[in-house]
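To keep things clear, I will list the structure first and then write my remarks on it.
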Amino acid sequence: MAHADQGTLMPTYARLPVTFTHGEGCSLWDTDGRRYLDAVSGIAVCSLGHARREVAEALAEQALSLVHTSNLYQIEHQQALSNKLCQLSGMEKVFFANSGAEANEAAIKVARLYGHNKGIEAPVVLVMEHSFHGRTMATLSATGNVKVQQGFGPLLAGFERVAYGNSAAAEKVLAENPNVVAILVEPVQGEGGVNIPSADYLSTLRALCDQYDCLLMVDEIQTGMCRTGQWFGFQHSNIQPDVMTLAKALGNGVPIGACLAGGKAADVFGPGNHGSTFGGNPLSCRAALAVVDVMEKENLAQAAADMGEYFMTQFSQQLAHLQAKGVVTDIRAKGLMVAVQLDRDCSALVAQALEHGVLINVTAGNVIRLLPPLVLTIAEADQIIEAVTTLVNKLVGEAA
Ligand SMILES: *Cc1c(COP(=O)(O)O)cnc(C)c1O
């Protein structure tokens with residue numbers, strides 16, 4: 001499918017030729033009035049669905065009262081949100097930013113300052129292959145994808161990289177390099193292909209960080225806010241990280257990011273160490289407070305866990321014949337991060353699904369990734385499953 005002309009916009013995105021005018025729940029409508037079922041949620045952002053009333057009302061009320069003051073002053077809703085996020089996560093301190101990359105920038109700065117405070121002049125953060133942490137210079141340097149980095153060197157120094165899911169490889173670096181001050185890791189890799197590590201991975205990294213006096217920093221920008229079936233992905237393991245970053249679903253589409261710290265990272269930042277003009281403004285904090293409230297009232301972590309199981313069961317049955325043939329090489333899910341992996345490139349399915357009235361995503365070339373709103377119904381799940389199954393069968397049939 002041809003990509004739409006983008007006129008005066010920098011062509012940094014390969015956009016599909018569709019424009020949405022409005023949404024409701026898991027549905028979106030385009031300029032021709034055609035309805036689509038959304039299994040992407042703006043990349044794990046609109047977890048409460050589109051045009052969610054509680055969020056819209058909080059925004060409207062706040063916009064009519066106060067949008068922005070400054071972090072020069074106290075901000076009531078920022079304090080309330082910080083308290084709530086700490087209560088849910090067991091973290092102790094929060095810095096608010098406006099995006100995921102910015103939240104990770106804060107985390108990387110915490111790690112470096114933690115190192116400098118103990119006399120390490122050139123601190124190193126251990127990062128993973130196939131990771132994604134953002135597109136700013138520090139976060140693209142941390143990202144384990146050469147396509148993201150190509151053409152933007154020199155990259156930021158101070159990162160070492162090992163295979164994801166391999167705690168022995170991480171241990172080797174920690175044992176050999178005394179400059180490592182932190183491990184930055186996604187509980188489940190999103191952009192990298194919905195990679196789910198073994199159940200003891202994070203707890204092993206936690207023990208290593210304790211042994212070598214490093215910070216365990218979890219990038220929960222995609223896995224956080226109930227997506228994986230817990231409030232935060234690390235809560236599937238019996239551990240507490242030192243740093244956690246959030247963004248994406250935190251504002252259900254209103255830009256807000258957060259870097260949370262606890263334990264030995266809680267008091268690293270002091271006055272003047274970091275800042276953001278917009279970070280934690282009353283408007284975005286009101287949106288996030290509304291999001292947390294709905295997630296809590298509707299127990300969306302449990303909903304994500306149950307619905308993820310449903311996708312697994314249905315795909316395992318309906319794609320069994322293709323799994324037997326080795327065409328479908330894996331079906332996996334952690335809550336509503338759902339993946340169907342093929343033995344071949346399947347990027348073409350995105351445009352075909354769109355024509356079918358369903359929004360899906362393909363990542364890492366051969367992984368169909370589904371990130372539907374956490375509020376979807378069984379009927380909506382069935383519609384997504386039917387579309388994916390039909391299109392995969394067609395793709396395979398045409399190739400045969
Ligand atoms: C999306 C994402 C980011 C980057 O967030 P932005 O808001 O686009 O800057 C970082 N880490 C992970 C795991 C993500 O999924």
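Every chain in the structure tokens has a letter given in the order shown (A, B, ...), and although residue numbers restart at 1 in each chain, ligands are simply numbered from 1 in the order shown.
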| message | Just want the residues within 8 Å of ligand 1, written as a list in words, counting only C-alpha atoms and all ligand atoms. | response | Ile43, Asn98, Ser99, Gly100, Ala101, Glu102, Ala103, Asn104, Ser131, Phe132, His133, Gly134, Arg135, Thr136, Thr139, Glu186, Gln189, Gly190, Glu191, Asp219, Glu220, Ile221, Gln222, Thr223, Ala247, Lys248, Pro255 and Gly257 of chain A
| field | Contact residues around Arg286 of chain A with only C-alpha atoms at 8 Å, ignoring same-chain residues under 2 positions, as a list in words | value | Ala58, Leu59, Gln62, His77, Pro282, Leu283, Ser284, Ala288, Leu289 and Ala290 of chain A
| field | All residues 12 Å or closer to segment 234-236 of chain A, only C-alpha atoms, same chain fewer than 6 positions away omitted, as a PyMOL selection string | value | chain A and resi 88-91+185-188+196-203+205-206+216-221+223-228+242-245+301+305+334-335
| remark: Using only C-alpha atoms, the best pick from A:Arg344, A:Ala142, A:Cys214, A:Gln150 as closest to Leu174 of chain A would be A:Cys214
| Best match for closeness to Leu16 of chain A among A:Gln352, A:Thr389, A:Gln149, A:Gln211, counting only C-alpha atoms |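 Of all the options, A:Gln352 lies closest to Leu16 of chain A.
Proximity to Gly49 of chain A was assessed for A:Gly275, A:Gly262, A:Gly115, A:Gly251 counting only C-alpha atoms; the smallest distance is recorded for A:Gly251.
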| task | From the DSSP assignment of the backbone, select every residue of segment 63-274 of chain A that is alpha helix (DSSP H), and format the answer as a ChimeraX atom specification. | result | /A:63,76-89,100-117,137-142,146-149,167-176,201-211
For segment 354-370 of chain A: contacts at 8 Å, only C-alpha atoms, fewer than 5 positions along chain excluded, given as a PDB file with all heavy atoms, in the first residue's frame:
```pdb
ATOM      1  N   ARG A  35     -15.734   2.491  10.294  1.00  0.00           N
ATOM      2  CA  ARG A  35     -15.352   2.133  11.668  1.00  0.00           C
ATOM      3  C   ARG A  35     -14.236   1.092  11.674  1.00  0.00           C
ATOM      4  O   ARG A  35     -14.225   0.170  10.866  1.00  0.00           O
ATOM      5  CB  ARG A  35     -16.587   1.571  12.365  1.00  0.00           C
ATOM      6  CG  ARG A  35     -16.368   1.201  13.807  1.00  0.00           C
ATOM      7  CD  ARG A  35     -17.684   0.706  14.399  1.00  0.00           C
ATOM      8  NE  ARG A  35     -17.544   0.381  15.800  1.00  0.00           N
ATOM      9  CZ  ARG A  35     -18.557   0.334  16.647  1.00  0.00           C
ATOM     10  NH1 ARG A  35     -19.778   0.600  16.224  1.00  0.00           N
ATOM     11  NH2 ARG A  35     -18.357   0.007  17.908  1.00  0.00           N
ATOM     12  N   TYR A  36     -13.302   1.248  12.583  1.00  0.00           N
ATOM     13  CA  TYR A  36     -12.198   0.294  12.756  1.00  0.00           C
ATOM     14  C   TYR A  36     -12.135  -0.156  14.207  1.00  0.00           C
ATOM     15  O   TYR A  36     -12.434   0.603  15.127  1.00  0.00           O
ATOM     16  CB  TYR A  36     -10.846   0.960  12.425  1.00  0.00           C
ATOM     17  CG  TYR A  36     -10.726   1.463  11.018  1.00  0.00           C
ATOM     18  CD1 TYR A  36     -11.277   2.700  10.674  1.00  0.00           C
ATOM     19  CD2 TYR A  36     -10.082   0.721  10.033  1.00  0.00           C
ATOM     20  CE1 TYR A  36     -11.188   3.188   9.377  1.00  0.00           C
ATOM     21  CE2 TYR A  36      -9.977   1.203   8.734  1.00  0.00           C
ATOM     22  CZ  TYR A  36     -10.535   2.426   8.409  1.00  0.00           C
ATOM     23  OH  TYR A  36     -10.435   2.900   7.137  1.00  0.00           O
ATOM     24  N   LEU A  37     -11.680  -1.386  14.398  1.00  0.00           N
ATOM     25  CA  LEU A  37     -11.424  -1.885  15.739  1.00  0.00           C
ATOM     26  C   LEU A  37      -9.928  -1.706  16.013  1.00  0.00           C
ATOM     27  O   LEU A  37      -9.089  -2.110  15.203  1.00  0.00           O
ATOM     28  CB  LEU A  37     -11.826  -3.365  15.802  1.00  0.00           C
ATOM     29  CG  LEU A  37     -11.768  -4.017  17.171  1.00  0.00           C
ATOM     30  CD1 LEU A  37     -12.618  -3.262  18.185  1.00  0.00           C
ATOM     31  CD2 LEU A  37     -12.278  -5.460  17.045  1.00  0.00           C
ATOM     32  N   ASP A  38      -9.603  -1.098  17.127  1.00  0.00           N
ATOM     33  CA  ASP A  38      -8.229  -0.706  17.408  1.00  0.00           C
ATOM     34  C   ASP A  38      -7.516  -1.724  18.306  1.00  0.00           C
ATOM     35  O   ASP A  38      -7.804  -1.817  19.496  1.00  0.00           O
ATOM     36  CB  ASP A  38      -8.240   0.676  18.087  1.00  0.00           C
ATOM     37  CG  ASP A  38      -6.843   1.212  18.332  1.00  0.00           C
ATOM     38  OD1 ASP A  38      -5.865   0.547  17.932  1.00  0.00           O
ATOM     39  OD2 ASP A  38      -6.735   2.300  18.927  1.00  0.00           O
ATOM     40  N   ALA A  39      -6.583  -2.476  17.748  1.00  0.00           N
ATOM     41  CA  ALA A  39      -5.792  -3.420  18.551  1.00  0.00           C
ATOM     42  C   ALA A  39      -4.358  -2.914  18.737  1.00  0.00           C
ATOM     43  O   ALA A  39      -3.441  -3.694  18.986  1.00  0.00           O
ATOM     44  CB  ALA A  39      -5.794  -4.806  17.905  1.00  0.00           C
ATOM     45  N   VAL A  40      -4.189  -1.600  18.613  1.00  0.00           N
ATOM     46  CA  VAL A  40      -2.865  -0.988  18.795  1.00  0.00           C
ATOM     47  C   VAL A  40      -2.869   0.017  19.965  1.00  0.00           C
ATOM     48  O   VAL A  40      -1.879   0.146  20.689  1.00  0.00           O
ATOM     49  CB  VAL A  40      -2.397  -0.280  17.496  1.00  0.00           C
ATOM     50  CG1 VAL A  40      -1.027   0.367  17.688  1.00  0.00           C
ATOM     51  CG2 VAL A  40      -2.346  -1.263  16.329  1.00  0.00           C
ATOM     52  N   GLU A 191       8.981  -3.101  21.629  1.00  0.00           N
ATOM     53  CA  GLU A 191       9.375  -2.851  20.237  1.00  0.00           C
ATOM     54  C   GLU A 191      10.267  -3.980  19.715  1.00  0.00           C
ATOM     55  O   GLU A 191      10.257  -4.294  18.532  1.00  0.00           O
ATOM     56  CB  GLU A 191      10.115  -1.518  20.113  1.00  0.00           C
ATOM     57  CG  GLU A 191       9.338  -0.317  20.638  1.00  0.00           C
ATOM     58  CD  GLU A 191       7.948  -0.217  20.063  1.00  0.00           C
ATOM     59  OE1 GLU A 191       7.830  -0.093  18.837  1.00  0.00           O
ATOM     60  OE2 GLU A 191       6.969  -0.264  20.840  1.00  0.00           O
ATOM     61  N   GLY A 192      11.038  -4.574  20.589  1.00  0.00           N
ATOM     62  CA  GLY A 192      11.972  -5.643  20.202  1.00  0.00           C
ATOM     63  C   GLY A 192      11.283  -6.936  19.785  1.00  0.00           C
ATOM     64  O   GLY A 192      11.941  -7.864  19.328  1.00  0.00           O
ATOM     65  N   GLY A 193       9.944  -7.016  19.970  1.00  0.00           N
ATOM     66  CA  GLY A 193       9.225  -8.194  19.494  1.00  0.00           C
ATOM     67  C   GLY A 193       8.417  -8.930  20.549  1.00  0.00           C
ATOM     68  O   GLY A 193       8.177 -10.128  20.405  1.00  0.00           O
ATOM     69  N   VAL A 194       7.970  -8.243  21.604  1.00  0.00           N
ATOM     70  CA  VAL A 194       7.248  -8.889  22.704  1.00  0.00           C
ATOM     71  C   VAL A 194       8.077 -10.074  23.220  1.00  0.00           C
ATOM     72  O   VAL A 194       7.643 -11.230  23.196  1.00  0.00           O
ATOM     73  CB  VAL A 194       5.814  -9.326  22.304  1.00  0.00           C
ATOM     74  CG1 VAL A 194       5.016  -9.768  23.534  1.00  0.00           C
ATOM     75  CG2 VAL A 194       5.074  -8.201  21.607  1.00  0.00           C
ATOM     76  N   LEU A 336      -2.035  -8.108  28.108  1.00  0.00           N
ATOM     77  CA  LEU A 336      -2.435  -7.706  26.763  1.00  0.00           C
ATOM     78  C   LEU A 336      -1.275  -7.165  25.932  1.00  0.00           C
ATOM     79  O   LEU A 336      -1.439  -6.229  25.155  1.00  0.00           O
ATOM     80  CB  LEU A 336      -3.614  -6.748  26.811  1.00  0.00           C
ATOM     81  CG  LEU A 336      -4.951  -7.502  26.967  1.00  0.00           C
ATOM     82  CD1 LEU A 336      -6.107  -6.536  27.163  1.00  0.00           C
ATOM     83  CD2 LEU A 336      -5.222  -8.433  25.789  1.00  0.00           C
ATOM     84  N   MET A 337      -0.098  -7.761  26.115  1.00  0.00           N
ATOM     85  CA  MET A 337       0.978  -7.646  25.128  1.00  0.00           C
ATOM     86  C   MET A 337       0.981  -9.015  24.457  1.00  0.00           C
ATOM     87  O   MET A 337       1.478  -9.984  25.018  1.00  0.00           O
ATOM     88  CB  MET A 337       2.335  -7.403  25.791  1.00  0.00           C
ATOM     89  CG  MET A 337       2.513  -5.990  26.345  1.00  0.00           C
ATOM     90  SD  MET A 337       4.124  -5.792  27.151  1.00  0.00           S
ATOM     91  CE  MET A 337       5.148  -5.339  25.751  1.00  0.00           C
ATOM     92  N   VAL A 338       0.359  -9.075  23.279  1.00  0.00           N
ATOM     93  CA  VAL A 338       0.130 -10.365  22.634  1.00  0.00           C
ATOM     94  C   VAL A 338       0.937 -10.430  21.343  1.00  0.00           C
ATOM     95  O   VAL A 338       0.967  -9.461  20.584  1.00  0.00           O
ATOM     96  CB  VAL A 338      -1.380 -10.546  22.322  1.00  0.00           C
ATOM     97  CG1 VAL A 338      -1.635 -11.887  21.645  1.00  0.00           C
ATOM     98  CG2 VAL A 338      -2.215 -10.410  23.595  1.00  0.00           C
ATOM     99  N   ALA A 339       1.574 -11.569  21.092  1.00  0.00           N
ATOM    100  CA  ALA A 339       2.385 -11.709  19.886  1.00  0.00           C
ATOM    101  C   ALA A 339       2.137 -13.029  19.189  1.00  0.00           C
ATOM    102  O   ALA A 339       2.037 -14.071  19.824  1.00  0.00           O
ATOM    103  CB  ALA A 339       3.866 -11.595  20.235  1.00  0.00           C
ATOM    104  N   VAL A 340       2.035 -12.941  17.866  1.00  0.00           N
ATOM    105  CA  VAL A 340       2.026 -14.130  17.014  1.00  0.00           C
ATOM    106  C   VAL A 340       3.236 -13.984  16.104  1.00  0.00           C
ATOM    107  O   VAL A 340       3.316 -13.054  15.304  1.00  0.00           O
ATOM    108  CB  VAL A 340       0.731 -14.225  16.177  1.00  0.00           C
ATOM    109  CG1 VAL A 340       0.799 -15.404  15.214  1.00  0.00           C
ATOM    110  CG2 VAL A 340      -0.488 -14.332  17.084  1.00  0.00           C
ATOM    111  N   GLN A 341       4.186 -14.879  16.277  1.00  0.00           N
ATOM    112  CA  GLN A 341       5.426 -14.786  15.504  1.00  0.00           C
ATOM    113  C   GLN A 341       5.395 -15.759  14.329  1.00  0.00           C
ATOM    114  O   GLN A 341       5.009 -16.916  14.485  1.00  0.00           O
ATOM    115  CB  GLN A 341       6.623 -15.094  16.411  1.00  0.00           C
ATOM    116  CG  GLN A 341       7.950 -14.894  15.709  1.00  0.00           C
ATOM    117  CD  GLN A 341       9.113 -14.833  16.686  1.00  0.00           C
ATOM    118  OE1 GLN A 341       8.933 -14.522  17.861  1.00  0.00           O
ATOM    119  NE2 GLN A 341      10.309 -15.136  16.207  1.00  0.00           N
ATOM    120  N   LEU A 342       5.800 -15.278  13.164  1.00  0.00           N
ATOM    121  CA  LEU A 342       5.805 -16.109  11.962  1.00  0.00           C
ATOM    122  C   LEU A 342       7.237 -16.439  11.539  1.00  0.00           C
ATOM    123  O   LEU A 342       8.190 -15.817  12.019  1.00  0.00           O
ATOM    124  CB  LEU A 342       5.084 -15.394  10.805  1.00  0.00           C
ATOM    125  CG  LEU A 342       3.634 -14.950  11.033  1.00  0.00           C
ATOM    126  CD1 LEU A 342       3.028 -14.486   9.722  1.00  0.00           C
ATOM    127  CD2 LEU A 342       2.790 -16.051  11.635  1.00  0.00           C
ATOM    128  N   ASP A 343       7.347 -17.376  10.625  1.00  0.00           N
ATOM    129  CA  ASP A 343       8.678 -17.750  10.119  1.00  0.00           C
ATOM    130  C   ASP A 343       9.097 -16.835   8.968  1.00  0.00           C
ATOM    131  O   ASP A 343      10.089 -17.077   8.315  1.00  0.00           O
ATOM    132  CB  ASP A 343       8.665 -19.205   9.642  1.00  0.00           C
ATOM    133  CG  ASP A 343       7.790 -19.407   8.410  1.00  0.00           C
ATOM    134  OD1 ASP A 343       6.957 -18.513   8.103  1.00  0.00           O
ATOM    135  OD2 ASP A 343       7.927 -20.451   7.747  1.00  0.00           O
ATOM    136  N   ARG A 344       8.302 -15.797   8.693  1.00  0.00           N
ATOM    137  CA  ARG A 344       8.567 -14.918   7.555  1.00  0.00           C
ATOM    138  C   ARG A 344       8.137 -13.487   7.872  1.00  0.00           C
ATOM    139  O   ARG A 344       7.390 -13.263   8.826  1.00  0.00           O
ATOM    140  CB  ARG A 344       7.792 -15.417   6.329  1.00  0.00           C
ATOM    141  CG  ARG A 344       6.283 -15.374   6.516  1.00  0.00           C
ATOM    142  CD  ARG A 344       5.553 -16.219   5.487  1.00  0.00           C
ATOM    143  NE  ARG A 344       5.718 -17.649   5.776  1.00  0.00           N
ATOM    144  CZ  ARG A 344       5.305 -18.621   4.983  1.00  0.00           C
ATOM    145  NH1 ARG A 344       4.699 -18.334   3.854  1.00  0.00           N
ATOM    146  NH2 ARG A 344       5.489 -19.884   5.308  1.00  0.00           N
ATOM    147  N   ASP A 345       8.590 -12.562   7.049  1.00  0.00           N
ATOM    148  CA  ASP A 345       8.194 -11.166   7.203  1.00  0.00           C
ATOM    149  C   ASP A 345       6.678 -11.049   6.997  1.00  0.00           C
ATOM    150  O   ASP A 345       6.126 -11.663   6.088  1.00  0.00           O
ATOM    151  CB  ASP A 345       8.924 -10.294   6.177  1.00  0.00           C
ATOM    152  CG  ASP A 345       8.697  -8.814   6.433  1.00  0.00           C
ATOM    153  OD1 ASP A 345       7.630  -8.288   6.068  1.00  0.00           O
ATOM    154  OD2 ASP A 345       9.602  -8.185   7.021  1.00  0.00           O
ATOM    155  N   CYS A 346       6.036 -10.280   7.850  1.00  0.00           N
ATOM    156  CA  CYS A 346       4.586 -10.140   7.714  1.00  0.00           C
ATOM    157  C   CYS A 346       4.155  -8.683   7.851  1.00  0.00           C
ATOM    158  O   CYS A 346       3.008  -8.389   8.204  1.00  0.00           O
ATOM    159  CB  CYS A 346       3.860 -11.035   8.714  1.00  0.00           C
ATOM    160  SG  CYS A 346       4.291 -10.730  10.426  1.00  0.00           S
ATOM    161  N   SER A 347       5.064  -7.753   7.539  1.00  0.00           N
ATOM    162  CA  SER A 347       4.733  -6.326   7.664  1.00  0.00           C
ATOM    163  C   SER A 347       3.537  -5.933   6.799  1.00  0.00           C
ATOM    164  O   SER A 347       2.818  -4.985   7.132  1.00  0.00           O
ATOM    165  CB  SER A 347       5.939  -5.456   7.303  1.00  0.00           C
ATOM    166  OG  SER A 347       7.085  -6.217   7.095  1.00  0.00           O
ATOM    167  N   LEU A 349       0.823  -7.307   6.525  1.00  0.00           N
ATOM    168  CA  LEU A 349      -0.459  -7.580   7.179  1.00  0.00           C
ATOM    169  C   LEU A 349      -1.086  -6.330   7.803  1.00  0.00           C
ATOM    170  O   LEU A 349      -2.304  -6.270   7.975  1.00  0.00           O
ATOM    171  CB  LEU A 349      -0.288  -8.644   8.275  1.00  0.00           C
ATOM    172  CG  LEU A 349       0.056 -10.060   7.814  1.00  0.00           C
ATOM    173  CD1 LEU A 349       0.026 -11.018   8.989  1.00  0.00           C
ATOM    174  CD2 LEU A 349      -0.912 -10.529   6.737  1.00  0.00           C
ATOM    175  N   ILE A 384     -10.833  -9.348  16.535  1.00  0.00           N
ATOM    176  CA  ILE A 384      -9.398  -9.187  16.273  1.00  0.00           C
ATOM    177  C   ILE A 384      -8.784 -10.539  15.916  1.00  0.00           C
ATOM    178  O   ILE A 384      -8.036 -10.675  14.946  1.00  0.00           O
ATOM    179  CB  ILE A 384      -8.688  -8.578  17.513  1.00  0.00           C
ATOM    180  CG1 ILE A 384      -9.200  -7.156  17.790  1.00  0.00           C
ATOM    181  CG2 ILE A 384      -7.167  -8.577  17.321  1.00  0.00           C
ATOM    182  CD1 ILE A 384      -8.809  -6.611  19.154  1.00  0.00           C
ATOM    183  N   ALA A 387      -9.756 -11.637  12.451  1.00  0.00           N
ATOM    184  CA  ALA A 387      -9.042 -10.898  11.403  1.00  0.00           C
ATOM    185  C   ALA A 387      -7.608 -11.399  11.273  1.00  0.00           C
ATOM    186  O   ALA A 387      -7.134 -11.688  10.161  1.00  0.00           O
ATOM    187  CB  ALA A 387      -9.057  -9.397  11.720  1.00  0.00           C
TER     188      ALA A 387
END
```
| remark: For Ser27 of chain A, the closest of A:Ile120, A:Leu300, A:Ala14, A:Ala51 counting only C-alpha atoms is A:Ala51
| message | With distances taken over only C-alpha atoms, which residue among A:Gly144, A:Gly42, A:Pro241, A:Pro17 lies nearest Val162 of chain A? | response |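 Distance minimum relative to Val162 of chain A lands on A:Gly144.
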| field | Selection: 12 Å around Gln323 of chain A, only C-alpha atoms, excl. self and same-chain fewer than 5 positions, as a ChimeraX atom specification | value | /A:315-318,328-331,340-343,392-393,396
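Every residue of segment 143-222 of chain A found in strand (DSSP E or B) when DSSP is run on the backbone appears here: A:Phe159, A:Glu160, A:Arg161, A:Val162, A:Val180, A:Val181, A:Ala182, A:Ile183, A:Leu184, A:Val185, A:Gln189, A:Asn195, A:Leu215, A:Leu216, A:Met217, A:Val218, A:Asp219.
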Non-local contacts of Ile75 of chain A (12 Å; only C-alpha atoms; under 2 positions in same chain excluded) as a PDB file with N, CA and C atoms, in the first residue's frame:
```pdb
ATOM      1  N   LEU A  66      -6.978  25.654  35.614  1.00  0.00           N
ATOM      2  CA  LEU A  66      -5.543  25.969  35.620  1.00  0.00           C
ATOM      3  C   LEU A  66      -4.800  24.924  34.786  1.00  0.00           C
ATOM      4  N   VAL A  67      -4.127  25.352  33.714  1.00  0.00           N
ATOM      5  CA  VAL A  67      -3.403  24.408  32.867  1.00  0.00           C
ATOM      6  C   VAL A  67      -1.945  24.302  33.287  1.00  0.00           C
ATOM      7  N   HIS A  68      -1.330  25.450  33.558  1.00  0.00           N
ATOM      8  CA  HIS A  68       0.106  25.452  33.830  1.00  0.00           C
ATOM      9  C   HIS A  68       0.449  26.553  34.821  1.00  0.00           C
ATOM     10  N   THR A  69       1.301  26.223  35.757  1.00  0.00           N
ATOM     11  CA  THR A  69       1.895  27.284  36.585  1.00  0.00           C
ATOM     12  C   THR A  69       3.390  27.172  36.351  1.00  0.00           C
ATOM     13  N   SER A  70       4.082  26.420  37.174  1.00  0.00           N
ATOM     14  CA  SER A  70       5.506  26.158  36.987  1.00  0.00           C
ATOM     15  C   SER A  70       5.957  25.315  38.160  1.00  0.00           C
ATOM     16  N   ASN A  71       7.050  24.581  37.940  1.00  0.00           N
ATOM     17  CA  ASN A  71       7.635  23.857  39.062  1.00  0.00           C
ATOM     18  C   ASN A  71       8.386  24.794  40.014  1.00  0.00           C
ATOM     19  N   LEU A  72       8.258  26.094  39.775  1.00  0.00           N
ATOM     20  CA  LEU A  72       8.726  27.078  40.757  1.00  0.00           C
ATOM     21  C   LEU A  72       7.803  27.070  41.978  1.00  0.00           C
ATOM     22  N   TYR A  73       6.606  26.486  41.793  1.00  0.00           N
ATOM     23  CA  TYR A  73       5.583  26.513  42.845  1.00  0.00           C
ATOM     24  C   TYR A  73       5.110  25.097  43.160  1.00  0.00           C
ATOM     25  N   HIS A  77      -1.971  18.655  42.166  1.00  0.00           N
ATOM     26  CA  HIS A  77      -2.286  17.398  41.485  1.00  0.00           C
ATOM     27  C   HIS A  77      -1.033  16.571  41.205  1.00  0.00           C
ATOM     28  N   GLN A  78       0.114  17.241  41.059  1.00  0.00           N
ATOM     29  CA  GLN A  78       1.382  16.529  40.868  1.00  0.00           C
ATOM     30  C   GLN A  78       1.712  15.743  42.140  1.00  0.00           C
ATOM     31  N   GLN A  79       1.513  16.377  43.266  1.00  0.00           N
ATOM     32  CA  GLN A  79       1.748  15.727  44.562  1.00  0.00           C
ATOM     33  C   GLN A  79       0.810  14.533  44.749  1.00  0.00           C
ATOM     34  N   ALA A  80      -0.452  14.734  44.405  1.00  0.00           N
ATOM     35  CA  ALA A  80      -1.444  13.657  44.559  1.00  0.00           C
ATOM     36  C   ALA A  80      -1.087  12.468  43.666  1.00  0.00           C
ATOM     37  N   LEU A  81      -0.679  12.752  42.427  1.00  0.00           N
ATOM     38  CA  LEU A  81      -0.332  11.674  41.495  1.00  0.00           C
ATOM     39  C   LEU A  81       0.922  10.950  41.962  1.00  0.00           C
ATOM     40  N   SER A  82       1.894  11.706  42.418  1.00  0.00           N
ATOM     41  CA  SER A  82       3.125  11.125  42.930  1.00  0.00           C
ATOM     42  C   SER A  82       2.831  10.172  44.097  1.00  0.00           C
ATOM     43  N   PHE A  96       8.428  14.107  37.283  1.00  0.00           N
ATOM     44  CA  PHE A  96       7.524  14.054  36.134  1.00  0.00           C
ATOM     45  C   PHE A  96       8.131  14.694  34.892  1.00  0.00           C
ATOM     46  N   PHE A 278       7.363  21.791  31.344  1.00  0.00           N
ATOM     47  CA  PHE A 278       5.989  21.268  31.337  1.00  0.00           C
ATOM     48  C   PHE A 278       5.772  20.130  32.330  1.00  0.00           C
ATOM     49  N   GLY A 279       6.869  19.450  32.723  1.00  0.00           N
ATOM     50  CA  GLY A 279       6.747  18.213  33.492  1.00  0.00           C
ATOM     51  C   GLY A 279       5.843  18.338  34.707  1.00  0.00           C
ATOM     52  N   GLY A 280       4.844  17.464  34.783  1.00  0.00           N
ATOM     53  CA  GLY A 280       3.975  17.435  35.955  1.00  0.00           C
ATOM     54  C   GLY A 280       3.023  18.608  36.056  1.00  0.00           C
ATOM     55  N   ASN A 281       2.653  19.188  34.905  1.00  0.00           N
ATOM     56  CA  ASN A 281       1.724  20.328  34.983  1.00  0.00           C
ATOM     57  C   ASN A 281       0.328  19.859  35.410  1.00  0.00           C
ATOM     58  N   PRO A 282      -0.490  20.786  35.924  1.00  0.00           N
ATOM     59  CA  PRO A 282      -1.797  20.386  36.467  1.00  0.00           C
ATOM     60  C   PRO A 282      -2.662  19.613  35.470  1.00  0.00           C
ATOM     61  N   LEU A 283      -2.602  19.979  34.196  1.00  0.00           N
ATOM     62  CA  LEU A 283      -3.460  19.334  33.200  1.00  0.00           C
ATOM     63  C   LEU A 283      -3.121  17.856  33.021  1.00  0.00           C
ATOM     64  N   SER A 284      -1.822  17.557  32.774  1.00  0.00           N
ATOM     65  CA  SER A 284      -1.455  16.159  32.526  1.00  0.00           C
ATOM     66  C   SER A 284      -1.602  15.331  33.801  1.00  0.00           C
ATOM     67  N   CYS A 285      -1.338  15.943  34.959  1.00  0.00           N
ATOM     68  CA  CYS A 285      -1.488  15.191  36.211  1.00  0.00           C
ATOM     69  C   CYS A 285      -2.954  14.860  36.499  1.00  0.00           C
ATOM     70  N   ARG A 286      -3.854  15.779  36.171  1.00  0.00           N
ATOM     71  CA  ARG A 286      -5.279  15.476  36.347  1.00  0.00           C
ATOM     72  C   ARG A 286      -5.699  14.318  35.461  1.00  0.00           C
TER      73      ARG A 286
END
```
| task | Find the distance between atom CA of Leu260 of chain A and atom CA of Ala106 of chain A and write it in Å to one decimal. | result |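 It comes out at 9.4 Å.
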